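*Asks:* Provided herewith is a single structure, encoded as structure tokens, for subsequent inquiry.
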Amino acid sequence: AQKVTQAQTEISVVEKEDVTLDCVYETRDTTYYLFWYKQPPSGELVFLIRRNSFDEQNEISGRYSWNFQKSTSSFNFTITASQVVDSAVYFCALSEPRDSNYQLIWGAGTKLIIKP
Amino acid sequence: DAGVIQSPRHEVTEMGQEVTLRCKPISGHDYLFWYRQTMMRGLELLIYFNNNVPIDDSGMPEDRFSAKMPNASFSTLKIQPSEPRDSAVYFCASSLVRVAGAETGELFFGEGSRLTVL
């Protein structure tokens with residue numbers, strides 16, 4: 001069955017520290033997509049990245065980087081030199097496009113607190 | 001370019017009352033989604049539309065919930081009668097293409113409508 005596990009409910013670090021948010025997924029398919037979304041205190045969810053299952057290259061975008069490892073079914077997200085503005089809830093999500101219905105399977109989210 | 005617009009941002013109502021939440025998707029997006037977020041259940045997909053046609057409403061909790069999309073620029077989610085357990089943040093999101101075979105497949109979310117049913 002499809003499942004996304006974000007085992008870290010809450011992480012608190014001091015500004016400028018590096019922090020990694022874990023995401024482990026379960027899927028039956030060889031073709032799937034993984035996502036990360038950010039939900040800042042203002043409430044709206046903001047798309048960060050989409051990765052398909054055939055692209056195992058790690059991605060870097062500024063202070064953000066993503067490590068996709070199919071061998072461990074993980075898609076971890078690292079923030080380097082964290083800033084207070086990074087404080088938010090971060091969601092990992094999975095989609096199997098083979099399904100006839102569109103459905104993102106969401107993790108429970110990790111609340112990230114960056115202290116000044 | 002305007003993002004997804006939802007109204008009202010906050011709604012407080014009494015049990016038994018009708019609640020209507022509104023959404024204006026991003027122009028040109030042909031998928032529209034309604035989600036509900038609670039602490040207990042996280043993010044739940046309620047229903048989604050493609051080109052104004054409901055595709056999957058299996059996430060709608062019960063008959064008290066209904067959703068419409070009369071045109072490409074407007075959708076409503078209605079709860080009648082409302083109950084305290086409906087209290088949640090309701091999000092509308094739009095997307096240009098499905099995830100399958102999509103160039104982006106990303107969802108653009110509105111700011112949400114926080115509903116409190118007393």
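We name chains A, B, ... following the order of the structure tokens; residues begin at 1 in each chain, and ligands are numbered from 1 as shown.
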I need the contact residues of chain B against chain A, so if you could list those with any atom within 12 Å, counting only C-alpha atoms, and return them as a ChimeraX atom specification, that would help.

*Replies:* /B:3-6,9,31-35,37-50,54-59,89-95,97-114

*Asks:* For region 10-13 of chain B, please output as a tab-separated table (two decimals) with N, CA, C and O atoms, in the first residue's frame all residues within 7 Å (counting only C-alpha atoms; exclusion window: fewer than 2 positions along the same chain).

*Replies:*
```tsv
chain	number	residue	atom	x	y	z
B	8	PRO	N	-14.60	32.48	2.64
B	8	PRO	CA	-13.95	33.43	3.53
B	8	PRO	C	-12.66	32.86	4.11
B	8	PRO	O	-12.43	31.65	4.01
B	15	MET	N	-23.66	24.90	14.87
B	15	MET	CA	-24.06	23.59	14.37
B	15	MET	C	-25.43	23.67	13.71
B	15	MET	O	-26.34	24.32	14.22
B	17	GLN	N	-26.00	25.00	10.78
B	17	GLN	CA	-26.04	26.04	9.76
B	17	GLN	C	-25.37	25.57	8.47
B	17	GLN	O	-24.50	24.68	8.48
B	113	SER	N	-9.51	28.26	4.15
B	113	SER	CA	-10.65	28.80	4.89
B	113	SER	C	-10.73	28.04	6.22
B	113	SER	O	-10.93	26.82	6.21
B	114	ARG	N	-10.56	28.78	7.29
B	114	ARG	CA	-10.61	28.13	8.61
B	114	ARG	C	-12.05	28.14	9.10
B	114	ARG	O	-12.63	29.19	9.33
B	115	LEU	N	-12.61	26.96	9.23
B	115	LEU	CA	-14.01	26.82	9.64
B	115	LEU	C	-14.09	26.33	11.07
B	115	LEU	O	-13.45	25.34	11.44
B	116	THR	N	-14.87	27.03	11.86
B	116	THR	CA	-15.15	26.61	13.23
B	116	THR	C	-16.65	26.46	13.38
B	116	THR	O	-17.40	27.40	13.14
B	117	VAL	N	-17.07	25.26	13.74
B	117	VAL	CA	-18.49	25.00	13.95
B	117	VAL	C	-18.71	24.78	15.44
B	117	VAL	O	-18.15	23.86	16.03
B	118	LEU	N	-19.51	25.64	16.02
B	118	LEU	CA	-19.73	25.59	17.47
B	118	LEU	C	-20.89	24.67	17.84
B	118	LEU	O	-21.79	24.46	17.03
```

*Asks:* Find the residues near region 67-76 of chain A: any atom within 6 Å, counting only C-alpha atoms, skip ones fewer than 3 places away on the same chain, and give them as number ranges by chain.

*Replies:* A: 21-25, 56, 58

*Asks:* Go ahead and write the residues just picked, N, CA, C and O atoms, as a PDB file, in the first residue's frame.

*Replies:*
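Written output follows (result.pdb):
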```pdb
ATOM      1  N   LEU A  21      15.261  16.830   7.099  1.00  0.00           N
ATOM      2  CA  LEU A  21      13.924  16.309   7.341  1.00  0.00           C
ATOM      3  C   LEU A  21      13.791  14.990   6.577  1.00  0.00           C
ATOM      4  O   LEU A  21      14.067  14.929   5.378  1.00  0.00           O
ATOM      5  N   ASP A  22      13.381  13.966   7.298  1.00  0.00           N
ATOM      6  CA  ASP A  22      13.332  12.628   6.706  1.00  0.00           C
ATOM      7  C   ASP A  22      11.967  12.338   6.085  1.00  0.00           C
ATOM      8  O   ASP A  22      10.933  12.770   6.598  1.00  0.00           O
ATOM      9  N   CYS A  23      12.003  11.564   5.010  1.00  0.00           N
ATOM     10  CA  CYS A  23      10.777  11.108   4.368  1.00  0.00           C
ATOM     11  C   CYS A  23      11.014   9.702   3.834  1.00  0.00           C
ATOM     12  O   CYS A  23      11.938   9.480   3.044  1.00  0.00           O
ATOM     13  N   VAL A  24      10.207   8.773   4.273  1.00  0.00           N
ATOM     14  CA  VAL A  24      10.284   7.393   3.805  1.00  0.00           C
ATOM     15  C   VAL A  24       8.944   7.039   3.181  1.00  0.00           C
ATOM     16  O   VAL A  24       7.893   7.351   3.752  1.00  0.00           O
ATOM     17  N   TYR A  25       8.981   6.396   2.049  1.00  0.00           N
ATOM     18  CA  TYR A  25       7.729   6.101   1.347  1.00  0.00           C
ATOM     19  C   TYR A  25       7.613   4.619   1.027  1.00  0.00           C
ATOM     20  O   TYR A  25       8.613   3.890   1.009  1.00  0.00           O
ATOM     21  N   GLU A  56      17.246   9.812 -10.048  1.00  0.00           N
ATOM     22  CA  GLU A  56      17.803   9.685  -8.712  1.00  0.00           C
ATOM     23  C   GLU A  56      18.871  10.720  -8.430  1.00  0.00           C
ATOM     24  O   GLU A  56      19.530  10.667  -7.397  1.00  0.00           O
ATOM     25  N   ASN A  58      20.474  13.896  -7.046  1.00  0.00           N
ATOM     26  CA  ASN A  58      20.142  14.811  -5.966  1.00  0.00           C
ATOM     27  C   ASN A  58      19.983  16.219  -6.532  1.00  0.00           C
ATOM     28  O   ASN A  58      20.580  16.573  -7.551  1.00  0.00           O
TER      29      ASN A  58
END
```

*Asks:* Would you list, as number ranges by chain, the residues of region 13-64 of chain B that end up in strand (DSSP E or B) under DSSP run on this structure's backbone?

*Replies:* B: 13, 19-24, 31-38, 42-50, 53-56

*Asks:* What lies within 10 Å of Ile113 (chain A) using only C-alpha atoms, ignoring chain neighbours under 3 positions off, as a PyMOL selection string?

*Replies:* chain A and resi 10-15+82-89+110+116

*Asks:* Figure out the distance between CA of Leu112 (chain A) and CA of Thr9 (chain A), please, to one decimal in Å.

*Replies:*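 Between CA of Thr9 (chain A) and CA of Leu112 (chain A) the gap works out to 8.7 Å.
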